[in-house]
Amino acid sequence: MIIPKDQLLFTVLLIVIMMISILIIKKAIRKFSFVQAIEINRRKVIFNICYFVIYLIGGFFLALIWGVKFQEFTIFISSVLAVLGVGFFAQWSLLSNLTASFILFFYHPIRIGHRIKIIDKDYNWTGEVKNITAFYFFIETDAGENISLPNSLVMQKGLEILKKEEIVSEEDHTFKNH
């Protein structure tokens, strides 16, 4: 079997482009996370999501370089997406939590260590944000309870960022300063 030189050259070029893209994205995420004071665990989640997207795009172009016909490739991809769609429909919360994690990382002002109040008619949760992972948002309430909420639920609730010295009295729900 003879390997065409053009395909080999394009494959090497694609790998170099992917490596450069990963380095640029890594540097940009690090810079953004230092400016925004984002914890290393949250940064790792975003790195993994970005790597997955780059590898997915790279795999698509690699298949095209090595002669997979576009029509056959689209049939294969649509079949895979149909199977994944059925699977994710059963577990839609996983996908929504990953998306919410991405949004919390880049666009939400809440950071680990912030004191917050979750505005909800049924619950009066006030406390400190302990961790934000790919799927869950962890808070330790003023009453000492450790609560984990799905990230998608956190995106649906109103959140108030409190100053460090503010606490909420559970009897009268008013703010008092120490």
# chains A, B, ... in the order shown; residues from 1 in each chain; ligands from 1

$ closest_atom_pairs --of "range 27-99 of chain A" --to "range 104-117 of chain A" --cutoff "8 Å" --atoms "only C-alpha atoms" --output "JSON lines"
{"residue": "A:Ala37", "atom": "CA", "partner": "A:Arg111", "partner_atom": "CA", "distance": 7.7}
{"residue": "A:Ile38", "atom": "CA", "partner": "A:Arg111", "partner_atom": "CA", "distance": 6.7}
{"residue": "A:Glu39", "atom": "CA", "partner": "A:Ile112", "partner_atom": "CA", "distance": 7.1}
{"residue": "A:Arg42", "atom": "CA", "partner": "A:Phe105", "partner_atom": "CA", "distance": 6.9}
{"residue": "A:Arg43", "atom": "CA", "partner": "A:Phe105", "partner_atom": "CA", "distance": 8.0}
{"residue": "A:Ile46", "atom": "CA", "partner": "A:Phe105", "partner_atom": "CA", "distance": 7.9}

$ write_last_selection --atoms "N, CA and C atoms" --output "JSON list (two decimals), in the first residue's frame"
[["chain", "number", "residue", "atom", "x", "y", "z"],
["A", 37, "ALA", "N", -9.83, 35.65, 38.63],
["A", 37, "ALA", "CA", -9.60, 34.90, 39.88],
["A", 37, "ALA", "C", -10.44, 33.62, 39.92],
["A", 38, "ILE", "N", -10.32, 32.82, 38.88],
["A", 38, "ILE", "CA", -11.07, 31.57, 38.77],
["A", 38, "ILE", "C", -10.20, 30.42, 39.28],
["A", 39, "GLU", "N", -10.80, 29.55, 40.07],
["A", 39, "GLU", "CA", -10.06, 28.45, 40.69],
["A", 39, "GLU", "C", -9.60, 27.44, 39.65],
["A", 42, "ARG", "N", -12.04, 24.66, 38.20],
["A", 42, "ARG", "CA", -12.97, 25.14, 37.17],
["A", 42, "ARG", "C", -12.23, 25.32, 35.85],
["A", 43, "ARG", "N", -10.98, 25.76, 35.94],
["A", 43, "ARG", "CA", -10.17, 25.97, 34.73],
["A", 43, "ARG", "C", -9.93, 24.63, 34.04],
["A", 46, "ILE", "N", -12.89, 23.58, 31.86],
["A", 46, "ILE", "CA", -12.96, 24.32, 30.60],
["A", 46, "ILE", "C", -11.87, 23.85, 29.64]]

$ select_by_dssp --residues "chain A" --states "strand (DSSP E or B)" --output "PyMOL selection string"
chain A and resi 115-119+124-132+136-141+146-150+158-162+166-168+175-177

$ write_last_selection --atoms "N, CA, C and O atoms" --output "short mmCIF file (atom, residue, chain, number, x, y, z; two decimals), in the first residue's frame"
data_model
loop_
_atom_site.label_atom_id
_atom_site.label_comp_id
_atom_site.auth_asym_id
_atom_site.auth_seq_id
_atom_site.Cartn_x
_atom_site.Cartn_y
_atom_site.Cartn_z
N ARG A 115 -19.75 34.98 49.33
CA ARG A 115 -20.95 34.75 50.14
C ARG A 115 -22.14 35.12 49.26
O ARG A 115 -22.15 36.19 48.66
N ILE A 116 -23.12 34.24 49.21
CA ILE A 116 -24.28 34.48 48.34
C ILE A 116 -25.57 34.17 49.08
O ILE A 116 -25.58 33.49 50.10
N LYS A 117 -26.64 34.69 48.51
CA LYS A 117 -27.98 34.35 48.95
C LYS A 117 -28.72 33.86 47.71
O LYS A 117 -28.75 34.54 46.68
N ILE A 118 -29.29 32.65 47.80
CA ILE A 118 -30.07 32.10 46.70
C ILE A 118 -31.50 32.56 46.89
O ILE A 118 -32.12 32.27 47.91
N ILE A 119 -32.00 33.29 45.93
CA ILE A 119 -33.33 33.87 46.02
C ILE A 119 -34.33 32.83 45.50
O ILE A 119 -34.38 32.54 44.31
N ASN A 124 -34.45 29.45 51.95
CA ASN A 124 -33.70 30.64 52.31
C ASN A 124 -32.25 30.22 52.55
O ASN A 124 -31.84 30.02 53.69
N TRP A 125 -31.50 30.05 51.49
CA TRP A 125 -30.14 29.60 51.60
C TRP A 125 -29.19 30.79 51.47
O TRP A 125 -29.20 31.51 50.47
N THR A 126 -28.37 30.96 52.49
CA THR A 126 -27.33 31.98 52.48
C THR A 126 -26.07 31.31 52.97
O THR A 126 -26.09 30.59 53.97
N GLY A 127 -24.97 31.52 52.26
CA GLY A 127 -23.73 30.90 52.69
C GLY A 127 -22.59 31.19 51.75
O GLY A 127 -22.65 32.10 50.92
N GLU A 128 -21.55 30.38 51.86
CA GLU A 128 -20.33 30.57 51.09
C GLU A 128 -20.22 29.51 50.00
O GLU A 128 -20.47 28.33 50.23
N VAL A 129 -19.85 29.95 48.79
CA VAL A 129 -19.64 29.03 47.68
C VAL A 129 -18.34 28.27 47.96
O VAL A 129 -17.29 28.87 48.14
N LYS A 130 -18.44 26.95 48.03
CA LYS A 130 -17.28 26.11 48.33
C LYS A 130 -16.60 25.57 47.09
O LYS A 130 -15.40 25.44 47.04
N ASN A 131 -17.39 25.22 46.07
CA ASN A 131 -16.81 24.66 44.85
C ASN A 131 -17.82 24.73 43.73
O ASN A 131 -19.03 24.69 43.96
N ILE A 132 -17.32 24.80 42.51
CA ILE A 132 -18.16 24.75 41.31
C ILE A 132 -17.48 23.75 40.38
O ILE A 132 -16.37 23.99 39.91
N TYR A 136 -21.96 20.28 39.42
CA TYR A 136 -22.59 20.75 40.65
C TYR A 136 -21.98 22.02 41.20
O TYR A 136 -20.81 22.32 40.99
N PHE A 137 -22.81 22.73 41.95
CA PHE A 137 -22.48 23.98 42.62
C PHE A 137 -22.62 23.69 44.11
O PHE A 137 -23.70 23.33 44.56
N PHE A 138 -21.53 23.82 44.88
CA PHE A 138 -21.54 23.47 46.30
C PHE A 138 -21.52 24.73 47.15
O PHE A 138 -20.72 25.63 46.90
N ILE A 139 -22.41 24.78 48.14
CA ILE A 139 -22.50 25.92 49.05
C ILE A 139 -22.62 25.40 50.48
O ILE A 139 -23.28 24.40 50.74
N GLU A 140 -21.93 26.09 51.39
CA GLU A 140 -22.08 25.80 52.82
C GLU A 140 -22.89 26.93 53.42
O GLU A 140 -22.47 28.09 53.39
N THR A 141 -24.06 26.61 53.94
CA THR A 141 -24.96 27.63 54.46
C THR A 141 -24.47 28.16 55.79
O THR A 141 -23.61 27.55 56.44
N ASN A 146 -24.23 21.58 54.14
CA ASN A 146 -23.52 21.51 52.86
C ASN A 146 -24.53 21.12 51.79
O ASN A 146 -25.08 20.03 51.83
N ILE A 147 -24.74 22.02 50.85
CA ILE A 147 -25.76 21.82 49.83
C ILE A 147 -25.09 21.76 48.46
O ILE A 147 -24.21 22.57 48.17
N SER A 148 -25.50 20.80 47.64
CA SER A 148 -25.04 20.75 46.26
C SER A 148 -26.25 20.94 45.36
O SER A 148 -27.28 20.30 45.55
N LEU A 149 -26.09 21.82 44.41
CA LEU A 149 -27.16 22.10 43.45
C LEU A 149 -26.63 21.84 42.04
O LEU A 149 -25.48 22.16 41.76
N PRO A 150 -27.45 21.30 41.17
CA PRO A 150 -27.01 21.16 39.78
C PRO A 150 -26.77 22.54 39.17
O PRO A 150 -27.48 23.51 39.48
N GLY A 158 -32.24 33.19 41.15
CA GLY A 158 -31.62 34.49 41.37
C GLY A 158 -30.58 34.35 42.47
O GLY A 158 -30.81 33.68 43.48
N LEU A 159 -29.43 34.95 42.26
CA LEU A 159 -28.36 34.89 43.25
C LEU A 159 -27.95 36.31 43.61
O LEU A 159 -27.80 37.16 42.73
N GLU A 160 -27.76 36.53 44.90
CA GLU A 160 -27.29 37.82 45.37
C GLU A 160 -25.92 37.62 46.00
O GLU A 160 -25.75 36.76 46.87
N ILE A 161 -24.94 38.37 45.53
CA ILE A 161 -23.60 38.29 46.11
C ILE A 161 -23.56 39.23 47.30
O ILE A 161 -23.85 40.42 47.19
N LEU A 162 -23.21 38.67 48.46
CA LEU A 162 -23.18 39.45 49.70
C LEU A 162 -21.76 39.85 50.02
O LEU A 162 -20.81 39.21 49.61
N GLU A 166 -21.71 40.71 55.80
CA GLU A 166 -23.17 40.64 55.86
C GLU A 166 -23.62 39.21 56.16
O GLU A 166 -23.12 38.26 55.58
N ILE A 167 -24.56 39.09 57.06
CA ILE A 167 -25.19 37.80 57.31
C ILE A 167 -26.69 37.99 57.26
O ILE A 167 -27.20 39.10 57.42
N VAL A 168 -27.39 36.92 57.05
CA VAL A 168 -28.84 37.00 57.01
C VAL A 168 -29.37 36.32 58.26
O VAL A 168 -29.06 35.18 58.55
N PHE A 175 -30.90 42.11 56.63
CA PHE A 175 -29.44 42.17 56.66
C PHE A 175 -28.97 42.93 57.89
O PHE A 175 -29.55 43.93 58.29
N LYS A 176 -27.90 42.42 58.49
CA LYS A 176 -27.27 43.09 59.61
C LYS A 176 -25.77 43.09 59.35
O LYS A 176 -25.23 42.14 58.82
N ASN A 177 -25.09 44.14 59.74
CA ASN A 177 -23.65 44.22 59.59
C ASN A 177 -22.97 43.96 60.92
O ASN A 177 -23.46 44.34 61.97
#

$ closest_atom_pairs --of "range 39-113 of chain A" --to "range 3-16 of chain A" --cutoff "8 Å" --atoms "only C-alpha atoms" --output "JSON lines"
{"residue": "A:Gly58", "atom": "CA", "partner": "A:Leu14", "partner_atom": "CA", "distance": 7.1}
{"residue": "A:Phe61", "atom": "CA", "partner": "A:Leu14", "partner_atom": "CA", "distance": 7.9}
{"residue": "A:Leu62", "atom": "CA", "partner": "A:Thr11", "partner_atom": "CA", "distance": 6.6}
{"residue": "A:Ile65", "atom": "CA", "partner": "A:Gln7", "partner_atom": "CA", "distance": 6.0}
{"residue": "A:Trp66", "atom": "CA", "partner": "A:Gln7", "partner_atom": "CA", "distance": 6.2}

$ residues_around --residues "Ser96 in chain A" --least-positions-apart "6" --cutoff "9 Å" --atoms "only C-alpha atoms" --output "tab-separated table (two decimals) with C-alpha atoms, in the first residue's frame"
chain	number	residue	atom	x	y	z
A	135	PHE	CA	-22.03	19.33	37.16
A	151	ASN	CA	-25.41	23.95	37.74
A	152	SER	CA	-28.48	24.20	35.53

$ residues_around --residues "range 21-32 of chain A" --least-positions-apart "5" --cutoff "8 Å" --atoms "only C-alpha atoms" --output "PDB file with N, CA and C atoms, in the first residue's frame"
ATOM      1  N   ARG A  43     -10.980  25.762  35.936  1.00  0.00           N
ATOM      2  CA  ARG A  43     -10.174  25.968  34.735  1.00  0.00           C
ATOM      3  C   ARG A  43      -9.929  24.626  34.039  1.00  0.00           C
ATOM      4  N   PHE A  47     -10.661  23.555  30.155  1.00  0.00           N
ATOM      5  CA  PHE A  47      -9.608  22.991  29.304  1.00  0.00           C
ATOM      6  C   PHE A  47     -10.096  21.709  28.643  1.00  0.00           C
ATOM      7  N   CYS A  50     -12.622  22.356  25.874  1.00  0.00           N
ATOM      8  CA  CYS A  50     -11.960  22.922  24.692  1.00  0.00           C
ATOM      9  C   CYS A  50     -11.152  21.858  23.947  1.00  0.00           C
ATOM     10  N   TYR A  51     -10.437  20.991  24.681  1.00  0.00           N
ATOM     11  CA  TYR A  51      -9.695  19.910  24.036  1.00  0.00           C
ATOM     12  C   TYR A  51     -10.637  19.005  23.256  1.00  0.00           C
ATOM     13  N   ILE A  54     -11.665  20.714  20.006  1.00  0.00           N
ATOM     14  CA  ILE A  54     -10.555  20.752  19.043  1.00  0.00           C
ATOM     15  C   ILE A  54     -10.326  19.373  18.435  1.00  0.00           C
TER      16      ILE A  54
END

$ atom_distance --atom1 "CA of Thr133 in chain A" --atom2 "CA of Ile57 in chain A"
25.1 Å
